[in-house]
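File shown: protein.pdb (PDB, C-alpha atoms).
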MODEL        1
ATOM      1  CA  MET A   1      20.612   1.754 -21.609
ATOM      2  CA  ASP A   2      19.798   5.358 -22.405
ATOM      3  CA  VAL A   3      16.319   6.566 -23.196
ATOM      4  CA  ARG A   4      16.888   6.773 -26.894
ATOM      5  CA  GLU A   5      18.064   3.190 -27.151
ATOM      6  CA  GLN A   6      15.074   2.107 -25.123
ATOM      7  CA  HIS A   7      12.704   3.765 -27.568
ATOM      8  CA  LEU A   8      14.518   2.346 -30.564
ATOM      9  CA  ASP A   9      14.185  -1.060 -28.963
ATOM     10  CA  ALA A  10      10.470  -0.556 -28.522
ATOM     11  CA  LEU A  11      10.067   0.437 -32.166
ATOM     12  CA  GLN A  12      12.026  -2.589 -33.302
ATOM     13  CA  ASP A  13       9.868  -4.806 -31.117
ATOM     14  CA  ILE A  14       6.739  -3.369 -32.711
ATOM     15  CA  ARG A  15       8.060  -3.940 -36.200
ATOM     16  CA  LYS A  16       9.086  -7.489 -35.456
ATOM     17  CA  MET A  17       5.736  -8.356 -33.885
ATOM     18  CA  MET A  18       3.761  -6.799 -36.739
ATOM     19  CA  GLN A  19       5.702  -8.741 -39.331
ATOM     20  CA  ARG A  20       5.975 -11.989 -37.464
ATOM     21  CA  SER A  21       2.288 -12.091 -36.630
ATOM     22  CA  SER A  22       1.019 -11.313 -40.100
ATOM     23  CA  ARG A  23       3.399 -13.084 -42.458
ATOM     24  CA  PHE A  24       4.850 -16.557 -42.539
ATOM     25  CA  ILE A  25       8.504 -15.862 -43.304
ATOM     26  CA  SER A  26       9.958 -19.361 -43.043
ATOM     27  CA  LEU A  27       8.883 -20.458 -46.512
ATOM     28  CA  SER A  28      12.078 -21.783 -48.056
ATOM     29  CA  GLY A  29      13.217 -21.091 -51.606
ATOM     30  CA  LEU A  30      14.642 -24.614 -51.676
ATOM     31  CA  SER A  31      11.046 -25.877 -51.445
ATOM     32  CA  GLY A  32      10.331 -24.189 -54.750
ATOM     33  CA  ILE A  33      13.450 -25.568 -56.413
ATOM     34  CA  ALA A  34      12.649 -29.104 -55.241
ATOM     35  CA  ALA A  35       9.022 -28.849 -56.383
ATOM     36  CA  GLY A  36      10.216 -27.590 -59.765
ATOM     37  CA  ILE A  37      12.582 -30.517 -60.201
ATOM     38  CA  TRP A  38       9.853 -33.043 -59.364
ATOM     39  CA  ALA A  39       7.554 -31.337 -61.841
ATOM     40  CA  LEU A  40      10.142 -31.518 -64.625
ATOM     41  CA  ILE A  41      10.812 -35.203 -63.953
ATOM     42  CA  GLY A  42       7.049 -35.815 -63.991
ATOM     43  CA  ALA A  43       6.627 -33.897 -67.237
ATOM     44  CA  TYR A  44       9.396 -35.942 -68.823
ATOM     45  CA  PHE A  45       7.621 -39.220 -68.007
ATOM     46  CA  ALA A  46       4.256 -37.860 -69.074
ATOM     47  CA  HIS A  47       5.713 -36.743 -72.381
ATOM     48  CA  ASP A  48       7.195 -40.212 -72.918
ATOM     49  CA  TRP A  49       3.972 -42.006 -72.140
ATOM     50  CA  ILE A  50       1.869 -39.750 -74.323
ATOM     51  CA  GLU A  51       4.295 -40.210 -77.199
ATOM     52  CA  GLU A  52       4.121 -43.960 -76.751
ATOM     53  CA  TYR A  53       0.334 -43.832 -76.723
ATOM     54  CA  TYR A  54       0.221 -41.954 -79.995
ATOM     55  CA  THR A  55       2.718 -44.334 -81.584
ATOM     56  CA  ASN A  56       0.511 -47.256 -80.606
ATOM     57  CA  TYR A  57      -2.494 -45.278 -81.735
ATOM     58  CA  ALA A  58      -0.991 -44.912 -85.187
ATOM     59  CA  HIS A  59      -0.275 -48.631 -85.380
ATOM     60  CA  GLU A  60      -3.273 -50.190 -83.683
ATOM     61  CA  GLY A  61      -5.844 -47.431 -83.798
ATOM     62  CA  TYR A  62      -7.948 -46.324 -80.891
ATOM     63  CA  THR A  63      -8.298 -48.872 -78.125
ATOM     64  CA  GLY A  64     -10.298 -47.925 -75.097
ATOM     65  CA  ARG A  65      -7.978 -49.978 -72.930
ATOM     66  CA  ASN A  66      -4.865 -48.035 -73.945
ATOM     67  CA  PHE A  67      -6.593 -44.746 -73.376
ATOM     68  CA  THR A  68      -7.885 -45.679 -69.926
ATOM     69  CA  GLY A  69      -4.431 -46.991 -69.051
ATOM     70  CA  LEU A  70      -2.757 -43.734 -70.068
ATOM     71  CA  ARG A  71      -5.326 -41.684 -68.204
ATOM     72  CA  THR A  72      -4.822 -43.698 -65.014
ATOM     73  CA  ASN A  73      -1.033 -43.520 -65.324
ATOM     74  CA  LEU A  74      -1.061 -39.778 -65.856
ATOM     75  CA  PHE A  75      -3.377 -39.298 -62.922
ATOM     76  CA  LEU A  76      -1.118 -41.391 -60.660
ATOM     77  CA  LEU A  77       1.951 -39.551 -61.941
ATOM     78  CA  ALA A  78       0.401 -36.159 -61.221
ATOM     79  CA  SER A  79      -0.546 -37.284 -57.710
ATOM     80  CA  ALA A  80       2.969 -38.617 -57.086
ATOM     81  CA  VAL A  81       4.550 -35.352 -58.272
ATOM     82  CA  ALA A  82       2.192 -33.269 -56.123
ATOM     83  CA  GLY A  83       2.835 -35.523 -53.108
ATOM     84  CA  LEU A  84       6.619 -35.461 -53.457
ATOM     85  CA  ALA A  85       6.622 -31.692 -54.020
ATOM     86  CA  LEU A  86       4.533 -31.175 -50.896
ATOM     87  CA  ILE A  87       6.732 -33.418 -48.748
ATOM     88  CA  THR A  88       9.998 -31.794 -49.833
ATOM     89  CA  ALA A  89       8.478 -28.311 -49.527
ATOM     90  CA  LEU A  90       7.384 -29.100 -45.992
ATOM     91  CA  TYR A  91      10.810 -30.508 -45.146
ATOM     92  CA  PHE A  92      12.773 -27.443 -46.303
ATOM     93  CA  THR A  93      10.308 -25.045 -44.718
ATOM     94  CA  TRP A  94      10.368 -26.997 -41.463
ATOM     95  CA  ARG A  95      14.157 -26.818 -41.525
ATOM     96  CA  ARG A  96      14.134 -23.091 -42.104
ATOM     97  CA  ALA A  97      11.555 -22.472 -39.380
ATOM     98  CA  GLY A  98      13.859 -24.356 -37.035
ATOM     99  CA  LYS A  99      16.760 -22.112 -37.983
ATOM    100  CA  ASN A 100      14.615 -19.018 -37.412
ATOM    101  CA  LYS A 101      13.446 -20.529 -34.122
ATOM    102  CA  LEU A 102       9.849 -20.032 -35.227
ATOM    103  CA  PRO A 103       7.040 -22.581 -35.136
ATOM    104  CA  LEU A 104       6.091 -24.240 -38.433
ATOM    105  CA  TRP A 105       2.391 -24.361 -37.646
ATOM    106  CA  ASP A 106       1.241 -21.054 -36.233
ATOM    107  CA  HIS A 107      -1.277 -18.324 -36.877
ATOM    108  CA  THR A 108       0.469 -17.152 -40.061
ATOM    109  CA  SER A 109       1.062 -20.551 -41.672
ATOM    110  CA  LYS A 110      -2.573 -21.416 -40.954
ATOM    111  CA  GLN A 111      -3.731 -18.250 -42.748
ATOM    112  CA  LEU A 112      -1.327 -18.943 -45.601
ATOM    113  CA  VAL A 113      -2.608 -22.488 -46.106
ATOM    114  CA  ILE A 114      -6.306 -21.613 -45.827
ATOM    115  CA  ASN A 115      -6.065 -18.730 -48.277
ATOM    116  CA  THR A 116      -3.946 -20.602 -50.799
ATOM    117  CA  VAL A 117      -6.057 -23.721 -50.691
ATOM    118  CA  ILE A 118      -9.457 -22.089 -51.334
ATOM    119  CA  PRO A 119      -8.822 -21.200 -55.013
ATOM    120  CA  MET A 120      -6.831 -24.397 -55.505
ATOM    121  CA  ILE A 121      -9.592 -26.724 -54.297
ATOM    122  CA  THR A 122     -12.089 -24.759 -56.358
ATOM    123  CA  GLY A 123      -9.818 -25.277 -59.350
ATOM    124  CA  GLY A 124      -9.407 -28.971 -58.608
ATOM    125  CA  LEU A 125     -13.167 -29.546 -58.505
ATOM    126  CA  PHE A 126     -13.627 -27.437 -61.612
ATOM    127  CA  ILE A 127     -11.064 -29.527 -63.488
ATOM    128  CA  ILE A 128     -12.678 -32.774 -62.339
ATOM    129  CA  ALA A 129     -15.985 -31.454 -63.664
ATOM    130  CA  MET A 130     -14.352 -30.647 -67.019
ATOM    131  CA  LEU A 131     -12.914 -34.158 -67.230
ATOM    132  CA  GLN A 132     -16.355 -35.541 -66.422
ATOM    133  CA  TYR A 133     -17.468 -34.115 -69.781
ATOM    134  CA  SER A 134     -14.228 -35.236 -71.462
ATOM    135  CA  GLU A 135     -13.176 -31.626 -71.799
ATOM    136  CA  TRP A 136      -9.428 -32.137 -71.452
ATOM    137  CA  ARG A 137      -8.200 -29.204 -73.533
ATOM    138  CA  PHE A 138      -8.393 -26.653 -70.748
ATOM    139  CA  VAL A 139      -6.991 -28.843 -67.981
ATOM    140  CA  ALA A 140      -3.433 -27.489 -68.145
ATOM    141  CA  PRO A 141      -4.462 -23.809 -68.436
ATOM    142  CA  ALA A 142      -6.972 -24.251 -65.595
ATOM    143  CA  CYS A 143      -4.310 -25.883 -63.380
ATOM    144  CA  LEU A 144      -1.993 -22.927 -63.937
ATOM    145  CA  VAL A 145      -4.631 -20.226 -63.543
ATOM    146  CA  PHE A 146      -6.182 -21.611 -60.353
ATOM    147  CA  TYR A 147      -2.771 -22.371 -58.868
ATOM    148  CA  GLY A 148      -1.715 -18.796 -59.633
ATOM    149  CA  LEU A 149      -4.875 -17.420 -58.039
ATOM    150  CA  GLY A 150      -4.169 -19.524 -54.945
ATOM    151  CA  LEU A 151      -0.664 -18.106 -54.681
ATOM    152  CA  VAL A 152      -1.799 -14.501 -55.176
ATOM    153  CA  ASN A 153      -4.478 -14.987 -52.532
ATOM    154  CA  GLY A 154      -2.110 -16.606 -50.046
ATOM    155  CA  SER A 155       0.792 -14.247 -50.690
ATOM    156  CA  ARG A 156      -0.687 -11.694 -48.312
ATOM    157  CA  TYR A 157       0.442 -14.006 -45.521
ATOM    158  CA  THR A 158       3.970 -14.762 -46.665
ATOM    159  CA  LEU A 159       6.954 -13.418 -48.618
ATOM    160  CA  SER A 160       5.883 -10.999 -51.330
ATOM    161  CA  ASP A 161       7.767 -12.929 -54.028
ATOM    162  CA  ILE A 162       4.970 -15.495 -53.976
ATOM    163  CA  ARG A 163       2.604 -12.857 -55.308
ATOM    164  CA  TYR A 164       4.705 -12.442 -58.455
ATOM    165  CA  LEU A 165       5.033 -16.192 -58.876
ATOM    166  CA  GLY A 166       1.215 -16.260 -58.757
ATOM    167  CA  PHE A 167       0.906 -13.542 -61.420
ATOM    168  CA  SER A 168       3.351 -15.429 -63.631
ATOM    169  CA  GLU A 169       1.366 -18.662 -63.307
ATOM    170  CA  ILE A 170      -1.894 -16.887 -64.155
ATOM    171  CA  ALA A 171      -0.359 -15.209 -67.209
ATOM    172  CA  LEU A 172       1.119 -18.487 -68.391
ATOM    173  CA  GLY A 173      -2.223 -20.251 -67.962
ATOM    174  CA  LEU A 174      -4.032 -17.584 -69.966
ATOM    175  CA  ILE A 175      -1.449 -17.706 -72.762
ATOM    176  CA  ASN A 176      -1.850 -21.473 -72.772
ATOM    177  CA  THR A 177      -5.544 -21.105 -73.671
ATOM    178  CA  GLN A 178      -4.357 -19.849 -77.079
ATOM    179  CA  PHE A 179      -2.001 -22.806 -77.565
ATOM    180  CA  ILE A 180      -4.243 -25.757 -76.797
ATOM    181  CA  GLY A 181      -2.409 -29.029 -77.298
ATOM    182  CA  TYR A 182       0.825 -27.714 -75.830
ATOM    183  CA  GLY A 183      -0.521 -28.023 -72.304
ATOM    184  CA  LEU A 184       2.254 -30.301 -71.110
ATOM    185  CA  TYR A 185       4.930 -27.790 -72.138
ATOM    186  CA  PHE A 186       3.155 -24.936 -70.390
ATOM    187  CA  TRP A 187       2.611 -27.194 -67.416
ATOM    188  CA  ALA A 188       6.354 -27.971 -67.306
ATOM    189  CA  ILE A 189       7.248 -24.279 -67.537
ATOM    190  CA  GLY A 190       4.703 -23.239 -64.904
ATOM    191  CA  PHE A 191       5.253 -25.941 -62.323
ATOM    192  CA  GLY A 192       8.852 -26.755 -63.202
ATOM    193  CA  VAL A 193      10.817 -23.805 -64.537
ATOM    194  CA  LEU A 194       8.965 -21.007 -62.708
ATOM    195  CA  HIS A 195       9.242 -22.818 -59.365
ATOM    196  CA  ILE A 196      12.961 -23.273 -59.850
ATOM    197  CA  ILE A 197      13.496 -19.637 -60.859
ATOM    198  CA  TYR A 198      11.434 -18.150 -58.025
ATOM    199  CA  GLY A 199      12.799 -20.699 -55.555
ATOM    200  CA  PHE A 200      16.308 -19.700 -56.477
ATOM    201  CA  VAL A 201      15.532 -15.967 -56.243
ATOM    202  CA  MET A 202      13.975 -16.444 -52.801
ATOM    203  CA  TRP A 203      16.877 -18.543 -51.627
ATOM    204  CA  TRP A 204      19.305 -15.941 -52.940
ATOM    205  CA  LYS A 205      17.470 -13.061 -51.297
ATOM    206  CA  TYR A 206      16.697 -14.510 -47.895
ATOM    207  CA  GLU A 207      18.695 -17.658 -47.196
ATOM    208  CA  ARG A 208      22.096 -17.330 -48.808
ATOM    209  CA  ASN A 209      23.503 -15.444 -45.827
ATOM    210  CA  PRO A 210      22.030 -17.094 -42.786
ATOM    211  CA  ASP A 211      22.929 -14.062 -40.670
ATOM    212  CA  SER A 212      20.938 -11.477 -42.597
ATOM    213  CA  LYS A 213      17.428 -11.621 -41.217
ATOM    214  CA  ASN A 214      14.724 -10.452 -43.572
TER
ATOM    215  CA  MET B   1       4.212  24.108 -23.751
ATOM    216  CA  ALA B   2       2.057  21.138 -24.644
ATOM    217  CA  ALA B   3       2.806  21.490 -28.353
ATOM    218  CA  ASN B   4       6.511  21.099 -27.804
ATOM    219  CA  ASN B   5       6.279  18.358 -25.302
ATOM    220  CA  PRO B   6       7.795  15.314 -26.975
ATOM    221  CA  ILE B   7       6.178  12.951 -24.514
ATOM    222  CA  ALA B   8       2.679  14.109 -25.443
ATOM    223  CA  GLY B   9       1.723  11.058 -27.493
ATOM    224  CA  LEU B  10       3.415   8.498 -25.313
ATOM    225  CA  ASN B  11       1.081   6.265 -23.400
ATOM    226  CA  LYS B  12       2.004   4.798 -20.038
ATOM    227  CA  ILE B  13       0.014   1.668 -20.787
ATOM    228  CA  PHE B  14       2.354   0.791 -23.655
ATOM    229  CA  ASP B  15       5.469   1.047 -21.504
ATOM    230  CA  ASN B  16       5.247  -2.651 -20.942
ATOM    231  CA  ARG B  17       6.841  -4.872 -23.572
ATOM    232  CA  ILE B  18       4.034  -7.441 -23.587
ATOM    233  CA  ARG B  19       1.227  -4.885 -23.859
ATOM    234  CA  LEU B  20       3.110  -3.175 -26.668
ATOM    235  CA  GLY B  21       3.521  -6.570 -28.368
ATOM    236  CA  VAL B  22      -0.184  -7.377 -28.055
ATOM    237  CA  MET B  23      -1.097  -4.045 -29.624
ATOM    238  CA  SER B  24       1.425  -4.492 -32.468
ATOM    239  CA  ILE B  25      -0.017  -7.886 -33.301
ATOM    240  CA  LEU B  26      -3.626  -6.701 -33.154
ATOM    241  CA  MET B  27      -2.890  -3.738 -35.412
ATOM    242  CA  VAL B  28      -2.116  -6.066 -38.326
ATOM    243  CA  ASN B  29      -4.524  -8.915 -37.566
ATOM    244  CA  GLU B  30      -8.289  -8.566 -37.617
ATOM    245  CA  GLU B  31      -8.654 -10.863 -34.645
ATOM    246  CA  ILE B  32      -6.450 -13.333 -32.894
ATOM    247  CA  ASN B  33      -6.974 -15.890 -30.159
ATOM    248  CA  PHE B  34      -5.341 -16.274 -26.781
ATOM    249  CA  ASN B  35      -3.114 -19.209 -27.676
ATOM    250  CA  ASP B  36      -1.713 -17.581 -30.801
ATOM    251  CA  LEU B  37      -0.897 -14.453 -28.817
ATOM    252  CA  LYS B  38       0.786 -16.561 -26.165
ATOM    253  CA  GLN B  39       2.849 -18.388 -28.761
ATOM    254  CA  MET B  40       3.984 -15.242 -30.520
ATOM    255  CA  LEU B  41       4.868 -13.310 -27.393
ATOM    256  CA  GLU B  42       6.387 -16.271 -25.559
ATOM    257  CA  VAL B  43       4.719 -15.545 -22.238
ATOM    258  CA  THR B  44       2.840 -17.525 -19.621
ATOM    259  CA  ASP B  45      -0.971 -17.730 -19.449
ATOM    260  CA  GLY B  46      -1.263 -15.726 -16.251
ATOM    261  CA  ASN B  47       1.087 -13.014 -17.371
ATOM    262  CA  LEU B  48      -0.657 -12.541 -20.699
ATOM    263  CA  ALA B  49      -4.121 -12.594 -19.103
ATOM    264  CA  THR B  50      -3.193  -9.771 -16.726
ATOM    265  CA  HIS B  51      -1.896  -7.561 -19.513
ATOM    266  CA  LEU B  52      -4.887  -8.302 -21.727
ATOM    267  CA  GLN B  53      -7.151  -7.272 -18.889
ATOM    268  CA  THR B  54      -5.329  -3.965 -18.491
ATOM    269  CA  LEU B  55      -5.691  -3.281 -22.200
ATOM    270  CA  GLU B  56      -9.359  -4.213 -22.129
ATOM    271  CA  GLU B  57     -10.057  -1.975 -19.156
ATOM    272  CA  SER B  58      -8.392   0.912 -20.990
ATOM    273  CA  GLY B  59     -10.795   0.316 -23.881
ATOM    274  CA  PHE B  60      -7.982  -0.423 -26.322
ATOM    275  CA  ILE B  61      -8.989  -3.991 -27.132
ATOM    276  CA  LYS B  62     -12.242  -5.920 -27.491
ATOM    277  CA  VAL B  63     -12.746  -9.449 -26.239
ATOM    278  CA  GLN B  64     -15.039 -11.930 -27.982
ATOM    279  CA  LYS B  65     -15.782 -15.179 -26.252
ATOM    280  CA  GLY B  66     -16.782 -18.049 -28.494
ATOM    281  CA  PHE B  67     -16.599 -21.800 -28.799
ATOM    282  CA  VAL B  68     -14.698 -24.137 -31.066
ATOM    283  CA  GLY B  69     -16.501 -27.401 -30.463
ATOM    284  CA  ARG B  70     -16.680 -27.567 -26.696
ATOM    285  CA  LYS B  71     -13.560 -25.582 -25.991
ATOM    286  CA  THR B  72     -13.808 -21.897 -25.275
ATOM    287  CA  ASN B  73     -12.084 -19.767 -27.862
ATOM    288  CA  THR B  74     -11.447 -16.214 -26.794
ATOM    289  CA  THR B  75     -10.396 -13.827 -29.524
ATOM    290  CA  TYR B  76      -9.136 -10.285 -29.271
ATOM    291  CA  SER B  77      -9.289  -7.335 -31.603
ATOM    292  CA  VAL B  78      -8.250  -3.711 -31.419
ATOM    293  CA  THR B  79     -10.750  -0.873 -30.870
ATOM    294  CA  LYS B  80     -10.805   2.518 -32.594
ATOM    295  CA  ALA B  81      -9.495   4.107 -29.405
ATOM    296  CA  GLY B  82      -6.751   1.499 -29.255
ATOM    297  CA  GLN B  83      -5.672   2.227 -32.825
ATOM    298  CA  LYS B  84      -5.493   5.927 -32.107
ATOM    299  CA  ALA B  85      -3.574   5.483 -28.857
ATOM    300  CA  PHE B  86      -1.129   3.105 -30.506
ATOM    301  CA  ASN B  87      -0.496   5.404 -33.472
ATOM    302  CA  ASP B  88      -0.006   8.366 -31.138
ATOM    303  CA  HIS B  89       2.400   6.314 -29.100
ATOM    304  CA  ILE B  90       4.530   5.433 -32.125
ATOM    305  CA  THR B  91       4.527   9.031 -33.297
ATOM    306  CA  GLY B  92       5.605   9.976 -29.789
ATOM    307  CA  LEU B  93       8.433   7.457 -29.833
ATOM    308  CA  GLU B  94       9.649   8.764 -33.176
ATOM    309  CA  LYS B  95       9.561  12.344 -31.953
ATOM    310  CA  MET B  96      11.487  11.379 -28.871
ATOM    311  CA  ILE B  97      14.206   9.669 -30.852
ATOM    312  CA  ARG B  98      14.525  12.579 -33.276
ATOM    313  CA  GLY B  99      14.502  15.045 -30.398
ATOM    314  CA  ILE B 100      17.284  13.362 -28.473
ATOM    315  CA  LYS B 101      19.522  12.807 -31.478
TER
ENDMDL
END
As structure tokens, please, write out the structure in this file.
Amino acid sequence: MDVREQHLDALQDIRKMMQRSSRFISLSGLSGIAAGIWALIGAYFAHDWIEEYYTNYAHEGYTGRNFTGLRTNLFLLASAVAGLALITALYFTWRRAGKNKLPLWDHTSKQLVINTVIPMITGGLFIIAMLQYSEWRFVAPACLVFYGLGLVNGSRYTLSDIRYLGFSEIALGLINTQFIGYGLYFWAIGFGVLHIIYGFVMWWKYERNPDSKN
Amino acid sequence: MAANNPIAGLNKIFDNRIRLGVMSILMVNEEINFNDLKQMLEVTDGNLATHLQTLEESGFIKVQKGFVGRKTNTTYSVTKAGQKAFNDHITGLEKMIRGIK
């Protein structure tokens, strides 16, 4: 190996180490697509149930039992969607980390999780507090805004596309504040459509050709 | 002839792949612990410890010993001198490559 090649090698090593140690690059676009699909399925059911509730409401009037039932069902549905999205996201990311021969749980994924979760837990508690006072109108916008903030905050430790997904979620959440009552639609766009679009873009950019390393 | 000497910025300490790796990682991370370094560089405990000691003795990295529960948790971070030496080294490498071309 001549001297020049040796130095080029050293520079490449430096670059690789700097990137690998500061950003979690195994996040899979397929995770986003899967999460988006779960969200759309969830939104479909939620829409159905809410419609049914209002039909009954028109016929029988307000019954506390119906309302509590709907609230519980929606809560369970949201938890199921979040759980399924998380499991599939972990699966695809685990698979990709294996292909890259990188660990799934390392310094960078730890940083990514911690930084994403801080705004999201804050948002979760904030939303619970709103519900405590029966303030349901801003639940969907708050979900989107806090989720977006989480992504923007965490994006420093992963692929830069996540930053733009975060901005999109925040913008959508803020627009939603002007269209109260359409929360479910915004929710479906934010957690369903946007995830699928960004997931596809990320898959296209980084995973389509398994040989091209980003 | 110092001004024209392409090797001027190059630092002997960074000749080693592991020491260069440690510095690269510390340049982009505020602080990092021993196990994470080991995992990223794929080296053995003893090997890494020796190189970390060399870097510490040169004044390029700082060592902070702490505890997580009962376990010791040693973290490393880069010093001002280390940053300068590393940047000079990269500039040196670039000059070398351009010079030889």
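With distances restricted to all atoms listed in the file, B:Ser24 is the closest residue to A:Lys16 from B:Asn16, B:Ser77, B:Asn35, B:Ser24.
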Just need the residues of chain B within 9 Å of chain A, counting all atoms listed in the file, so spit them out as a ChimeraX atom specification. /B:15,17,20-29,32,36-37,39-41,90,93-94,96-98,100-101
Applied to this file, what does the PyMOL selection byres ((chain A and resi 39-49) around 6) return in terms of residues, put as JSON, numbers by chain? {"A": [36, 37, 38, 50, 51, 52, 188, 191, 192]}
Could you turn the residues from that selection into a file that holds C-alpha atoms, as an mmCIF file, in the frame of the given file?
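Final output, selection.cif:
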data_model
loop_
_atom_site.group_PDB
_atom_site.id
_atom_site.type_symbol
_atom_site.label_atom_id
_atom_site.label_comp_id
_atom_site.auth_asym_id
_atom_site.auth_seq_id
_atom_site.Cartn_x
_atom_site.Cartn_y
_atom_site.Cartn_z
ATOM 1 C CA GLY A 36 10.216 -27.590 -59.765
ATOM 2 C CA ILE A 37 12.582 -30.517 -60.201
ATOM 3 C CA TRP A 38 9.853 -33.043 -59.364
ATOM 4 C CA ILE A 50 1.869 -39.750 -74.323
ATOM 5 C CA GLU A 51 4.295 -40.210 -77.199
ATOM 6 C CA GLU A 52 4.121 -43.960 -76.751
ATOM 7 C CA ALA A 188 6.354 -27.971 -67.306
ATOM 8 C CA PHE A 191 5.253 -25.941 -62.323
ATOM 9 C CA GLY A 192 8.852 -26.755 -63.202
#
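With distances taken over only C-alpha atoms, B:Ser58 is the one residue among B:Asn47, B:Ser58, B:Gln64, B:Asn73 lying closest to B:Asn11.
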Measure the distance from atom CA of A:Tyr62 to atom CA of A:Ala129 in Å and round it to one decimal. 24.1 Å
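Within the file as shown, the PyMOL selection byres ((chain A and resi 183-186) around 8) identifies Ala43, His47, Arg137, Val139, Ala140, Pro141, Leu172, Gly173, Asn176, Phe179, Ile180, Gly181, Tyr182, Trp187, Ala188, Ile189 and Gly190 of chain A.
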Name every residue that the PyMOL selection byres ((chain B and resi 78) around 8) selects in this structure, writing the answer as a PyMOL selection string with chains first and numbers rising. chain B and resi 23+26-27+30-31+60-62+76-77+79-80+82-83
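Straight-line separation from atom CA of A:Thr116 to atom CA of A:Asn153: 5.9 Å.
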Atomic distance atom CA of A:Leu27 - atom CA of A:Gly199, expressed in Å with one decimal: 9.9 Å
